[in-house]
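Novice: Provided herewith: work.cif, mmCIF, C-alpha atoms and all ligand atoms.
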```cif
data_my_file
loop_
_atom_site.label_atom_id
_atom_site.label_comp_id
_atom_site.auth_asym_id
_atom_site.auth_seq_id
_atom_site.Cartn_x
_atom_site.Cartn_y
_atom_site.Cartn_z
CA MET Y 1 225.36 504.10 171.14
CA ASN Y 2 229.12 503.98 171.17
CA ASP Y 3 229.86 505.10 167.60
CA LYS Y 4 233.20 503.59 166.70
CA ASN Y 5 233.42 505.61 163.48
CA LYS Y 6 233.24 508.83 165.48
CA ASN Y 7 235.82 507.69 168.01
CA LEU Y 8 238.22 506.48 165.34
CA PHE Y 9 237.85 509.66 163.32
CA LYS Y 10 238.54 511.78 166.38
CA LEU Y 11 241.65 509.81 167.21
CA SER Y 12 242.81 509.69 163.58
CA GLN Y 13 242.74 513.47 163.38
CA LYS Y 14 245.35 513.52 166.12
CA PHE Y 15 247.82 511.47 164.10
CA ILE Y 16 246.84 511.91 160.43
CA PRO Y 17 246.20 515.33 158.84
CA GLY Y 18 242.41 515.65 158.63
CA GLY Y 19 242.18 512.06 159.88
CA VAL Y 20 242.44 510.64 156.34
CA ASN Y 21 245.03 509.58 153.78
CA SER Y 22 243.14 511.09 150.83
CA PRO Y 23 240.99 514.24 151.20
CA VAL Y 24 237.61 513.12 149.76
CA ARG Y 25 237.40 510.41 152.45
CA ALA Y 26 236.92 513.07 155.13
CA PHE Y 27 233.26 513.78 154.11
CA SER Y 28 234.07 517.53 154.11
CA SER Y 29 231.72 518.12 151.21
CA VAL Y 30 228.67 516.32 152.68
CA GLY Y 31 229.38 516.83 156.38
CA GLY Y 32 229.21 514.18 159.09
CA THR Y 33 231.67 511.49 160.06
CA PRO Y 34 233.50 509.28 157.56
CA ILE Y 35 232.79 505.57 157.83
CA PHE Y 36 235.62 503.30 158.94
CA PHE Y 37 235.32 499.97 157.16
CA LYS Y 38 236.60 496.64 158.34
CA LYS Y 39 235.25 494.15 155.85
CA GLY Y 40 233.99 493.85 152.30
CA LEU Y 41 232.46 490.89 150.51
CA GLY Y 42 230.90 491.06 147.06
CA SER Y 43 228.72 494.15 146.85
CA LYS Y 44 228.65 494.63 150.62
CA LEU Y 45 230.73 496.47 153.19
CA TRP Y 46 230.70 496.41 156.98
CA ASP Y 47 231.82 499.31 159.13
CA GLU Y 48 233.34 499.32 162.62
CA ASN Y 49 229.83 499.39 164.14
CA ASP Y 50 228.95 496.23 162.16
CA LYS Y 51 226.51 498.17 160.02
CA GLU Y 52 226.08 496.73 156.53
CA TYR Y 53 226.18 498.80 153.34
CA ILE Y 54 225.71 498.21 149.63
CA ASP Y 55 228.86 499.74 148.15
CA TYR Y 56 228.66 502.04 145.10
CA ILE Y 57 232.16 503.45 145.46
CA ASN Y 58 234.05 500.21 144.96
CA SER Y 59 237.26 501.82 146.21
CA TRP Y 60 236.64 504.52 143.55
CA GLY Y 61 236.50 501.97 140.77
CA PRO Y 62 238.99 499.12 141.17
CA MET Y 63 236.63 496.57 142.75
CA ILE Y 64 234.75 495.81 139.54
CA LEU Y 65 234.36 492.17 140.61
CA GLY Y 66 233.18 493.15 144.09
CA HIS Y 67 235.13 492.83 147.31
CA SER Y 68 237.19 489.78 148.27
CA HIS Y 69 236.50 487.93 145.05
CA PRO Y 70 237.58 484.35 145.92
CA GLU Y 71 239.66 483.84 142.77
CA VAL Y 72 241.47 487.16 143.11
CA ILE Y 73 242.23 486.50 146.77
CA LYS Y 74 243.47 483.01 145.97
CA SER Y 75 245.74 484.32 143.26
CA VAL Y 76 247.20 486.96 145.58
CA GLN Y 77 247.80 484.42 148.34
CA LYS Y 78 249.50 482.01 146.00
CA VAL Y 79 251.90 484.62 144.63
CA ALA Y 80 252.56 486.20 148.03
CA LYS Y 81 254.02 482.93 149.29
CA ASN Y 82 256.89 483.30 146.81
CA SER Y 83 257.98 486.72 148.13
CA LEU Y 84 256.23 490.07 148.13
CA SER Y 85 258.76 491.81 145.92
CA PHE Y 86 261.90 491.21 143.90
CA GLY Y 87 262.66 494.56 142.28
CA ALA Y 88 263.51 492.46 139.23
CA PRO Y 89 261.49 491.26 136.22
CA THR Y 90 258.84 488.53 136.62
CA SER Y 91 256.92 486.59 134.00
CA ARG Y 92 253.61 487.97 135.27
CA GLU Y 93 254.57 491.50 134.25
CA LEU Y 94 254.98 490.20 130.73
CA ASP Y 95 251.52 488.56 130.94
CA MET Y 96 250.05 491.85 132.13
CA ALA Y 97 251.76 493.86 129.38
CA GLU Y 98 250.53 491.41 126.72
CA ILE Y 99 246.95 491.67 127.94
CA LEU Y 100 247.03 495.47 128.03
CA VAL Y 101 248.46 495.61 124.51
CA LYS Y 102 245.81 493.18 123.31
CA LEU Y 103 242.84 494.94 124.90
CA VAL Y 104 243.63 498.66 124.72
CA PRO Y 105 243.69 499.83 121.08
CA SER Y 106 246.30 502.61 121.50
CA ILE Y 107 248.83 500.60 123.48
CA GLU Y 108 251.76 499.03 121.61
CA GLN Y 109 254.11 499.06 124.58
CA VAL Y 110 253.37 499.65 128.22
CA ARG Y 111 255.16 500.22 131.50
CA LEU Y 112 253.76 499.47 134.95
CA VAL Y 113 253.87 501.89 137.88
CA SER Y 114 252.16 501.92 141.29
CA SER Y 115 249.41 504.55 140.97
CA GLY Y 116 247.38 506.57 138.52
CA THR Y 117 249.27 509.69 139.54
CA GLU Y 118 252.56 508.08 138.59
CA ALA Y 119 251.08 506.95 135.28
CA THR Y 120 249.95 510.43 134.18
CA MET Y 121 253.11 512.09 135.49
CA SER Y 122 255.29 509.64 133.56
CA ALA Y 123 253.17 509.84 130.39
CA ILE Y 124 253.57 513.61 130.37
CA ARG Y 125 257.31 513.35 130.87
CA VAL Y 126 257.74 510.95 127.98
CA ALA Y 127 255.47 513.09 125.77
CA ARG Y 128 257.64 516.11 126.57
CA GLY Y 129 260.80 514.13 125.95
CA PHE Y 130 259.50 512.80 122.66
CA THR Y 131 258.36 516.18 121.30
CA SER Y 132 261.07 518.35 122.94
CA ARG Y 133 258.26 520.72 123.94
CA ASP Y 134 257.19 521.93 127.42
CA ARG Y 135 253.56 523.01 127.20
CA ILE Y 136 250.70 520.75 128.18
CA VAL Y 137 246.97 521.17 127.80
CA LYS Y 138 244.28 519.82 130.12
CA PHE Y 139 240.57 520.45 130.70
CA GLU Y 140 238.73 522.03 133.59
CA GLY Y 141 237.05 519.44 135.81
CA CYS Y 142 239.24 516.55 134.68
CA TYR Y 143 241.43 515.01 137.39
CA HIS Y 144 244.71 513.33 136.57
CA GLY Y 145 246.21 512.66 139.97
CA HIS Y 146 248.26 515.04 142.07
CA ALA Y 147 251.50 515.64 140.14
CA ASP Y 148 252.62 519.31 140.28
CA SER Y 149 252.08 520.10 136.61
CA LEU Y 150 248.48 518.81 136.78
CA LEU Y 151 247.37 520.72 139.89
CA VAL Y 152 246.75 523.75 137.73
CA LYS Y 153 243.68 525.78 136.86
CA ALA Y 154 243.04 528.27 134.10
CA GLY Y 155 244.41 531.76 134.60
CA SER Y 156 242.03 534.70 134.26
CA GLY Y 157 241.06 535.07 130.61
CA ALA Y 158 241.38 532.35 128.01
CA LEU Y 159 244.83 531.16 126.95
CA THR Y 160 246.72 532.93 129.72
CA PHE Y 161 249.31 531.13 131.82
CA GLY Y 162 247.97 528.46 134.18
CA GLN Y 163 247.78 529.12 137.93
CA PRO Y 164 248.58 526.54 140.63
CA SER Y 165 245.37 525.06 142.07
CA SER Y 166 247.23 523.87 145.16
CA ALA Y 167 249.68 525.59 147.46
CA GLY Y 168 253.15 524.16 147.02
CA VAL Y 169 253.04 524.09 143.23
CA PRO Y 170 255.53 526.62 141.81
CA LYS Y 171 254.10 529.21 139.41
CA ASP Y 172 257.01 528.40 137.11
CA ILE Y 173 255.71 524.85 136.74
CA ALA Y 174 252.04 525.82 136.45
CA LYS Y 175 252.71 528.29 133.65
CA HIS Y 176 253.43 525.43 131.25
CA THR Y 177 249.93 523.96 131.77
CA HIS Y 178 246.97 525.40 129.88
CA THR Y 179 243.47 524.57 131.03
CA LEU Y 180 240.62 524.57 128.50
CA THR Y 181 236.88 523.94 128.70
CA PHE Y 182 235.73 520.33 128.17
CA ASN Y 183 233.49 519.85 125.10
CA ASP Y 184 234.38 523.35 123.80
CA ILE Y 185 235.56 522.92 120.20
CA GLU Y 186 236.04 526.64 119.61
CA GLY Y 187 238.33 527.06 122.60
CA LEU Y 188 240.33 524.05 121.47
CA GLU Y 189 240.82 525.49 117.97
CA LYS Y 190 241.84 528.86 119.35
CA CYS Y 191 244.44 527.27 121.58
CA PHE Y 192 245.98 525.19 118.79
CA ASN Y 193 245.91 528.11 116.37
CA LYS Y 194 247.82 530.19 118.83
CA MET Y 195 250.42 527.74 120.08
CA GLY Y 196 249.85 524.33 118.50
CA GLU Y 197 253.48 523.71 117.64
CA LYS Y 198 254.51 524.40 121.24
CA ILE Y 199 252.18 521.82 122.79
CA ALA Y 200 253.89 518.63 123.95
CA CYS Y 201 250.66 516.86 124.85
CA VAL Y 202 246.98 517.13 125.61
CA ILE Y 203 245.75 515.03 128.52
CA ILE Y 204 242.04 514.34 128.91
CA GLU Y 205 239.58 512.02 130.62
CA PRO Y 206 237.69 510.90 127.47
CA ILE Y 207 234.67 510.31 129.69
CA VAL Y 208 235.01 512.49 132.76
CA GLY Y 209 234.48 510.64 136.02
CA ASN Y 210 235.97 513.30 138.25
CA MET Y 211 233.27 515.94 137.90
CA ASN Y 212 230.54 513.42 138.54
CA LEU Y 213 230.02 511.86 135.08
CA ILE Y 214 230.31 513.98 131.95
CA LEU Y 215 230.19 512.49 128.47
CA PRO Y 216 232.24 513.90 125.59
CA HIS Y 217 230.69 515.17 122.40
CA ILE Y 218 232.06 512.80 119.79
CA LYS Y 219 232.80 515.78 117.51
CA PHE Y 220 234.90 517.32 120.26
CA LEU Y 221 237.02 514.17 120.70
CA LYS Y 222 237.48 513.81 116.95
CA LYS Y 223 238.52 517.44 116.60
CA LEU Y 224 241.00 516.99 119.43
CA ARG Y 225 242.48 513.95 117.69
CA LYS Y 226 242.78 515.86 114.42
CA LEU Y 227 244.43 518.91 115.94
CA CYS Y 228 246.96 516.86 117.91
CA THR Y 229 247.94 514.99 114.74
CA LYS Y 230 248.17 518.19 112.72
CA TYR Y 231 250.43 519.96 115.22
CA GLY Y 232 252.45 516.94 116.37
CA ALA Y 233 251.13 517.09 119.94
CA ILE Y 234 250.77 513.79 121.80
CA LEU Y 235 247.18 512.95 122.71
CA ILE Y 236 246.97 511.21 126.10
CA PHE Y 237 243.73 509.58 127.19
CA ASP Y 238 243.70 509.30 130.95
CA GLU Y 239 241.69 506.10 131.33
CA VAL Y 240 242.72 505.43 134.92
CA MET Y 241 239.03 505.40 135.77
CA THR Y 242 237.33 504.55 132.47
CA GLY Y 243 239.77 501.79 131.45
CA PHE Y 244 237.99 498.41 131.78
CA ARG Y 245 235.11 500.28 133.45
CA VAL Y 246 233.05 501.64 130.55
CA ALA Y 247 234.02 498.83 128.14
CA LEU Y 248 236.74 496.21 127.77
CA GLY Y 249 238.73 498.49 125.43
CA GLY Y 250 237.99 501.63 127.44
CA ALA Y 251 236.46 504.89 126.23
CA GLN Y 252 238.80 504.92 123.21
CA ASP Y 253 237.22 501.71 121.96
CA LEU Y 254 233.71 502.95 122.74
CA TYR Y 255 234.17 506.15 120.70
CA GLY Y 256 236.64 504.88 118.14
CA VAL Y 257 239.02 507.76 118.84
CA ILE Y 258 242.51 506.41 119.38
CA PRO Y 259 245.01 508.49 121.39
CA ASP Y 260 248.81 508.26 121.11
CA MET Y 261 249.15 507.29 124.76
CA THR Y 262 246.90 505.92 127.48
CA THR Y 263 247.18 505.93 131.25
CA LEU Y 264 245.59 503.21 133.35
CA GLY Y 265 245.17 502.42 137.04
CA LYS Y 266 242.37 501.41 139.39
CA ILE Y 267 240.86 498.24 137.82
CA ILE Y 268 244.18 496.92 136.46
CA GLY Y 269 245.35 496.47 140.07
CA GLY Y 270 242.14 494.77 141.20
CA GLY Y 271 242.36 496.74 144.47
CA LEU Y 272 246.14 496.73 144.90
CA PRO Y 273 248.37 499.64 143.86
CA VAL Y 274 249.03 499.42 140.11
CA GLY Y 275 249.12 502.00 137.36
CA ALA Y 276 250.32 501.83 133.77
CA PHE Y 277 251.14 504.12 130.90
CA GLY Y 278 251.53 502.98 127.34
CA GLY Y 279 251.06 503.88 123.73
CA ARG Y 280 252.87 504.17 120.44
CA LYS Y 281 256.09 502.21 120.37
CA ASP Y 282 258.15 505.10 118.97
CA ILE Y 283 257.12 507.22 121.95
CA MET Y 284 257.58 504.51 124.58
CA GLN Y 285 261.06 503.72 123.25
CA LYS Y 286 262.20 507.14 124.48
CA LEU Y 287 262.12 505.72 128.02
CA ALA Y 288 265.25 504.70 129.91
CA PRO Y 289 267.11 502.38 129.54
CA LEU Y 290 266.57 502.72 125.75
CA GLY Y 291 266.09 506.46 125.55
CA PRO Y 292 266.76 509.74 127.35
CA VAL Y 293 263.52 509.98 129.41
CA TYR Y 294 264.09 508.75 132.97
CA GLN Y 295 261.33 506.87 134.78
CA ALA Y 296 261.60 504.17 137.46
CA GLY Y 297 259.98 502.49 140.48
CA THR Y 298 261.21 500.22 143.30
CA LEU Y 299 257.85 498.45 143.49
CA SER Y 300 256.79 498.87 139.84
CA GLY Y 301 255.25 495.65 138.55
CA ASN Y 302 255.02 494.33 142.09
CA PRO Y 303 254.22 490.60 141.87
CA VAL Y 304 251.32 490.58 144.35
CA ALA Y 305 249.67 493.67 142.87
CA VAL Y 306 250.09 492.31 139.35
CA ALA Y 307 248.58 488.97 140.43
CA ALA Y 308 245.42 490.74 141.63
CA GLY Y 309 245.28 492.76 138.42
CA LEU Y 310 245.86 489.79 136.14
CA LYS Y 311 243.11 487.72 137.72
CA THR Y 312 240.74 490.68 137.56
CA LEU Y 313 241.53 491.26 133.87
CA GLU Y 314 241.02 487.57 133.19
CA LEU Y 315 237.58 487.46 134.79
CA ILE Y 316 236.23 490.61 133.15
CA GLN Y 317 236.94 489.12 129.72
CA LYS Y 318 234.16 486.58 130.19
CA PRO Y 319 231.47 486.81 127.49
CA ASN Y 320 228.70 489.33 128.22
CA PHE Y 321 230.50 490.72 131.28
CA TYR Y 322 230.09 494.35 130.17
CA LYS Y 323 226.64 493.79 128.74
CA GLN Y 324 225.37 492.57 132.10
CA LEU Y 325 227.24 495.24 134.05
CA SER Y 326 225.83 497.98 131.81
CA LEU Y 327 222.28 496.63 132.14
CA ASN Y 328 222.48 496.47 135.93
CA THR Y 329 223.90 499.97 136.14
CA LYS Y 330 221.23 501.32 133.81
CA GLU Y 331 218.51 499.61 135.82
CA LEU Y 332 219.75 501.34 138.97
CA VAL Y 333 219.86 504.73 137.31
CA ASP Y 334 216.44 504.36 135.66
CA GLY Y 335 214.90 503.23 138.93
CA MET Y 336 216.20 506.25 140.79
CA LYS Y 337 215.08 508.61 138.02
CA GLU Y 338 211.57 507.18 138.28
CA GLY Y 339 211.61 507.65 142.06
CA ALA Y 340 212.64 511.29 141.78
CA ARG Y 341 210.03 511.95 139.12
CA LYS Y 342 207.29 510.55 141.35
CA LYS Y 343 208.40 512.75 144.23
CA GLY Y 344 208.74 515.82 142.02
CA ILE Y 345 212.48 516.25 142.57
CA ALA Y 346 214.65 517.92 139.93
CA PHE Y 347 216.94 515.00 139.25
CA SER Y 348 218.69 513.37 136.32
CA ALA Y 349 221.12 510.52 135.92
CA ARG Y 350 223.07 508.57 133.33
CA SER Y 351 225.31 505.55 133.09
CA VAL Y 352 228.00 504.18 130.82
CA GLY Y 353 229.25 500.65 131.35
CA GLY Y 354 229.59 500.13 135.11
CA MET Y 355 229.81 503.83 135.90
CA PHE Y 356 227.00 506.26 136.71
CA GLY Y 357 226.30 509.87 137.54
CA ILE Y 358 223.39 511.32 139.50
CA TYR Y 359 222.61 515.03 139.35
CA PHE Y 360 220.22 517.21 141.27
CA ARG Y 361 219.18 519.19 138.20
CA GLU Y 362 216.58 518.61 135.45
CA VAL Y 363 218.90 517.38 132.71
CA PRO Y 364 222.32 515.72 132.83
CA PRO Y 365 225.17 518.26 132.63
CA ASN Y 366 227.63 518.45 129.73
CA SER Y 367 230.20 520.76 131.22
CA PHE Y 368 231.98 521.79 134.39
CA ASP Y 369 229.81 524.93 134.67
CA GLU Y 370 226.63 522.91 134.41
CA ILE Y 371 227.63 520.38 137.04
CA MET Y 372 228.62 523.23 139.36
CA LYS Y 373 225.05 524.49 139.08
CA SER Y 374 223.47 521.29 140.43
CA ASP Y 375 221.77 521.44 143.83
CA ARG Y 376 224.49 520.41 146.25
CA GLU Y 377 222.35 520.84 149.34
CA LYS Y 378 219.80 518.36 148.00
CA PHE Y 379 222.58 515.96 147.11
CA ASN Y 380 223.97 516.11 150.64
CA LEU Y 381 220.56 515.36 152.15
CA PHE Y 382 220.08 512.52 149.69
CA PHE Y 383 223.54 511.15 150.44
CA HIS Y 384 222.95 511.06 154.20
CA SER Y 385 219.49 509.52 153.87
CA MET Y 386 220.95 506.76 151.67
CA LEU Y 387 223.88 506.23 154.02
CA LYS Y 388 221.54 505.86 156.96
CA GLN Y 389 219.67 503.21 154.97
CA GLY Y 390 222.91 501.34 154.31
CA ILE Y 391 223.64 502.57 150.78
CA TYR Y 392 227.17 503.90 150.33
CA PHE Y 393 227.46 506.51 147.54
CA GLY Y 394 230.44 508.81 146.94
CA PRO Y 395 230.49 511.55 149.61
CA SER Y 396 230.42 514.42 147.09
CA ALA Y 397 228.12 515.65 144.33
CA PHE Y 398 231.15 515.61 142.02
CA GLU Y 399 232.04 511.95 142.15
CA ALA Y 400 230.86 509.22 139.80
CA GLY Y 401 229.34 506.02 141.17
CA PHE Y 402 230.38 502.45 140.40
CA VAL Y 403 228.48 499.19 140.10
CA SER Y 404 230.35 495.88 140.29
CA ALA Y 405 229.63 492.46 138.86
CA ALA Y 406 228.80 491.38 142.41
CA HIS Y 407 225.78 493.67 142.66
CA SER Y 408 222.68 491.49 142.52
CA LYS Y 409 219.21 492.30 141.23
CA LYS Y 410 218.16 492.49 144.87
CA ASP Y 411 220.93 494.99 145.66
CA ILE Y 412 219.71 497.21 142.83
CA LYS Y 413 216.09 496.86 143.91
CA ASP Y 414 216.91 497.63 147.55
CA THR Y 415 218.89 500.67 146.47
CA ILE Y 416 216.05 502.00 144.34
CA LYS Y 417 213.65 501.45 147.22
CA ALA Y 418 215.95 503.37 149.55
CA SER Y 419 216.17 506.18 147.00
CA TYR Y 420 212.37 506.57 147.07
CA LYS Y 421 212.58 507.17 150.80
CA ALA Y 422 215.47 509.56 150.36
CA PHE Y 423 213.64 511.54 147.66
CA GLU Y 424 210.53 511.59 149.85
CA SER Y 425 212.52 513.06 152.74
CA ILE Y 426 213.88 515.91 150.64
CA SER Y 427 210.77 516.81 148.63
CA ASP Y 428 209.32 520.08 149.81
C1 LIG Y 501 242.01 508.08 140.16
C2 LIG Y 501 242.49 508.83 139.00
C3 LIG Y 501 243.82 509.23 138.87
C4 LIG Y 501 244.82 509.10 139.98
O1 LIG Y 501 245.08 507.80 140.34
P1 LIG Y 501 245.74 507.49 141.78
O2 LIG Y 501 245.94 506.02 141.77
O3 LIG Y 501 244.74 507.97 142.79
O4 LIG Y 501 247.00 508.26 141.86
C5 LIG Y 501 244.23 509.80 137.68
N1 LIG Y 501 243.37 509.99 136.67
C6 LIG Y 501 242.08 509.62 136.75
C7 LIG Y 501 241.19 509.83 135.58
C8 LIG Y 501 241.59 509.06 137.93
O5 LIG Y 501 240.29 508.74 138.00
#
```
Output the structure of this file as structure tokens.
Specialist:
Amino acid sequence: MNDKNKNLFKLSQKFIPGGVNSPVRAFSSVGGTPIFFKKGLGSKLWDENDKEYIDYINSWGPMILGHSHPEVIKSVQKVAKNSLSFGAPTSRELDMAEILVKLVPSIEQVRLVSSGTEATMSAIRVARGFTSRDRIVKFEGCYHGHADSLLVKAGSGALTFGQPSSAGVPKDIAKHTHTLTFNDIEGLEKCFNKMGEKIACVIIEPIVGNMNLILPHIKFLKKLRKLCTKYGAILIFDEVMTGFRVALGGAQDLYGVIPDMTTLGKIIGGGLPVGAFGGRKDIMQKLAPLGPVYQAGTLSGNPVAVAAGLKTLELIQKPNFYKQLSLNTKELVDGMKEGARKKGIAFSARSVGGMFGIYFREVPPNSFDEIMKSDREKFNLFFHSMLKQGIYFGPSAFEAGFVSAAHSKKDIKDTIKASYKAFESISD
């Protein structure tokens, strides 16, 4: 068969580094050829060979209503007719800001940007400007986009200077970033004891979706909140993924731990490029033009992107939206667990809201170390068996999965059925 995916990937590699515009798309972790998609509708995708898939990536989260939702598309088309961009204020940006302030507990004021990376980068700058401090703290396994100061890993030995985790990041920038262990209260206390009054901010994924799916210990989050308050460090929840995904008010609402600032992205753009950072008014007022912290964007608050986001945020506020989404996601996860058990595969899984994690190990992991110990080879075999059967999961053992409101009972059933086959094929 003439495999168009293969041909396109070959050609793409000639013109685009690695053939992709974002590394995980290249399938390097699972092997094989990335799929080139040409159409999505509801829960389904079609690739260049016209093969159909049930989609559990949902563009890494944004497509919570499924692909090509008719109301979202209509809204985008309507707004697009009146120009694609003004670079000047529009009333829809105000609507968006009002909704975000209403729904996200920590947000009193908010500014729109065009990606999650921009949101975290800007939140850190304003936190530094507000506190007049340089140091930032993050956690191993959390991902906050690709700004220089966040592409940093722990140095050797606890509490040493951070090391760049990517070439091109100056050591002088990385040294201001300290990387701690997620869910480790002791490490957190040590760090604050040593340098609490030098920390500008702590940034964290309150539920981690970037090392598969790791849940926080509630005690850990509460301790973090307490220490930040005590030492005057700004607590930033990076809810680019979890915002409007795990619950309408995000992870902060779910756990009742309220940060000083929140970053958003993904779902709030409904599939178009939007990010946002917001929080306490006294902090946000440090931003230009009011204050000394510079931050800007030619396409920030872009009318078409905001239209997609607004319609998406409107539709997910329908009664029982998250209840139904959570139930469907849990059904999927439970079904797969049962399949693995029957085939004697070491497998565990969990879900929160419309997000799930699957792990090739006996019990769900609670830390970066534990997730690193899951059986990657088994995952890769599972992934390819599912893909062959038309089920599209994230091409890495370290990515969370996403269910949308468009996934039907039949989609879930078909996926569970496919998983039985996949487990069968890898049982030894
Ligand atoms: C996706 C993601 C980002 C980065 O967002 P981009 O839009 O890809 O720049 C930041 N933080 C978290 C938690 C994310 O999941």
Novice: What residues of the protein or nucleic acid chains come within 8 Å of ligand LIG 501 (chain Y) when you use only C-alpha atoms and all ligand atoms? Reply as a PyMOL selection string.
Specialist: chain Y and resi 60+114-120+142-146+205+208-210+238-242+263-266+273-275
Novice: Point out the residue among Y:Phe37, Y:Phe220, Y:Phe379, Y:Phe182 with the least atom-to-atom distance to Asp55 of chain Y, counting all atoms listed in the file.
Specialist: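 Smallest distance to Asp55 of chain Y is found for Y:Phe37.
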Novice: Can you tell me which residues surround Leu235 of chain Y at a distance of at most 8 Å, considering all atoms listed in the file, apart from same-chain residues fewer than 3 positions away, and format the answer as a short mmCIF file (atom, residue, chain, number, x, y, z; two decimals) with C-alpha atoms, in the coordinates of the input?
Specialist:
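Printed below is around_14.cif as written:
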```
data_model
loop_
_atom_site.label_atom_id
_atom_site.label_comp_id
_atom_site.auth_asym_id
_atom_site.auth_seq_id
_atom_site.Cartn_x
_atom_site.Cartn_y
_atom_site.Cartn_z
CA CYS Y 201 250.66 516.86 124.85
CA VAL Y 202 246.98 517.13 125.61
CA ILE Y 203 245.75 515.03 128.52
CA ARG Y 225 242.48 513.95 117.69
CA CYS Y 228 246.96 516.86 117.91
CA PRO Y 259 245.01 508.49 121.39
CA ASP Y 260 248.81 508.26 121.11
CA MET Y 261 249.15 507.29 124.76
#
```
Novice: Between Y:Gly249, Y:Gly232, Y:Gly301, Y:Pro170, which has the minimum distance to Ala276 of chain Y (counting only C-alpha atoms)?
Specialist: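 Answer, going by the shortest atom-to-atom distance: Y:Gly301.
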Novice: Which of these residues is nearest to Leu310 of chain Y, using only C-alpha atoms: Y:Met211, Y:Ile267, Y:Tyr231, Y:Asp411?
Specialist: Y:Ile267
Novice: Find the spatial neighbours of segment 43-46 of chain Y, counting all atoms listed in the file, within a cut-off of 8 Å - ignore same-chain residues fewer than 4 positions away - and output them as JSON, numbers by chain.
Specialist: {"Y": [37, 38, 39, 50, 51, 52, 53, 54, 55, 66, 67, 404, 406, 407, 408, 411]}
Novice: Enumerate, as a PyMOL selection string, the protein, DNA and RNA residues whose atoms approach (219.4, 521.0, 142.0) to within 12 Å, taking into account only C-alpha atoms and the coordinate frame of the file.
Specialist: chain Y and resi 340+344-348+358-365+370-382+397+426-427
Novice: As an exercise, work out the distance from atom CA of Ser68 of chain Y to atom CA of Gly269 of chain Y in Å and give it to one decimal place.
Specialist: 13.4 Å
Novice: Select, from Y:Thr131, Y:Asn49, Y:Asn320, Y:Ser29, the residue with the minimum atom-to-atom distance to Asp282 of chain Y, counting only C-alpha atoms.
Specialist: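 Looking at the shortest contact to Asp282 of chain Y, the residue is Y:Thr131.
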Novice: State, in Å with one decimal place, the distance from atom CA of Gly401 of chain Y to atom CA of Phe356 of chain Y.
Specialist: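 About the pair atom CA of Gly401 of chain Y and atom CA of Phe356 of chain Y: they are 5.0 Å apart.
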Novice: In terms of the shortest atom-to-atom distance over all atoms listed in the file, which of Y:Val304, Y:Leu150, Y:Leu327, Y:Val24 is closest to Lys81 of chain Y?
Specialist: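 Smallest separation from Lys81 of chain Y among the options: Y:Val304.
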Novice: Give me the residues near Glu93 of chain Y as a ChimeraX atom specification, where near means some atom within 10 Å (using all atoms listed in the file) and where sequence neighbours in that chain fewer than 4 positions away do not count.
Specialist: /Y:89,97-99,111-112,300-303,306-307,310
Novice: Taking only C-alpha atoms into account, name the residue in Y:Val293, Y:Leu215, Y:Leu248, Y:Ala233 that is nearest to Lys102 of chain Y.
Specialist: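 Closest to Lys102 of chain Y, using only C-alpha atoms: Y:Leu248.
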Novice: How many Å lie between atom CA of Lys413 of chain Y and atom CA of Asn366 of chain Y, rounded to one decimal?
Specialist: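 Atom CA of Asn366 of chain Y lies 28.3 Å from atom CA of Lys413 of chain Y.
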Novice: Do you know which residues are at most 6 Å from Gly162 of chain Y counting only C-alpha atoms, after dropping those on the same chain fewer than 5 positions away, and could you put them as a PyMOL selection string?
Specialist: chain Y and resi 153-155+174-175+177-178
Novice: Got a sec to check which residues sit within 9 Å of (222.5, 509.1, 149.2), counting all atoms listed in the file, and write them as a PyMOL selection string?
Specialist: chain Y and resi 379-389+391-395+418-419+422
Novice: If we count only C-alpha atoms, what is near Val72 of chain Y at a cut-off of 7 Å, once residues fewer than 4 positions away on the same chain are taken out, given as a list of chain:residue names?
Specialist: Y:Val76, Y:Ala308, Y:Lys311, Y:Thr312
Novice: Working from the structure I just supplied, which lacks atoms in segment 178-182 of chain Y, can you model N, CA, C and O atoms there and output them as a PDB file, in the frame of the given file?
Specialist:
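Saved as out-v5.pdb:
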```
ATOM      1  N   HIS Y 178     248.118 524.595 130.306  1.00  0.00           N
ATOM      2  CA  HIS Y 178     246.970 525.400 129.880  1.00  0.00           C
ATOM      3  C   HIS Y 178     245.692 524.608 130.106  1.00  0.00           C
ATOM      4  O   HIS Y 178     245.626 523.427 129.773  1.00  0.00           O
ATOM      5  N   THR Y 179     244.707 525.260 130.689  1.00  0.00           N
ATOM      6  CA  THR Y 179     243.470 524.570 131.030  1.00  0.00           C
ATOM      7  C   THR Y 179     242.329 525.091 130.161  1.00  0.00           C
ATOM      8  O   THR Y 179     242.036 526.279 130.171  1.00  0.00           O
ATOM      9  N   LEU Y 180     241.715 524.189 129.398  1.00  0.00           N
ATOM     10  CA  LEU Y 180     240.620 524.570 128.500  1.00  0.00           C
ATOM     11  C   LEU Y 180     239.303 524.018 129.005  1.00  0.00           C
ATOM     12  O   LEU Y 180     239.255 523.260 129.971  1.00  0.00           O
ATOM     13  N   THR Y 181     238.214 524.386 128.315  1.00  0.00           N
ATOM     14  CA  THR Y 181     236.880 523.940 128.700  1.00  0.00           C
ATOM     15  C   THR Y 181     236.529 522.642 127.977  1.00  0.00           C
ATOM     16  O   THR Y 181     236.649 522.560 126.746  1.00  0.00           O
ATOM     17  N   PHE Y 182     236.110 521.633 128.735  1.00  0.00           N
ATOM     18  CA  PHE Y 182     235.730 520.330 128.170  1.00  0.00           C
ATOM     19  C   PHE Y 182     234.538 520.501 127.227  1.00  0.00           C
ATOM     20  O   PHE Y 182     233.614 521.259 127.525  1.00  0.00           O
TER      21      PHE Y 182
END
```
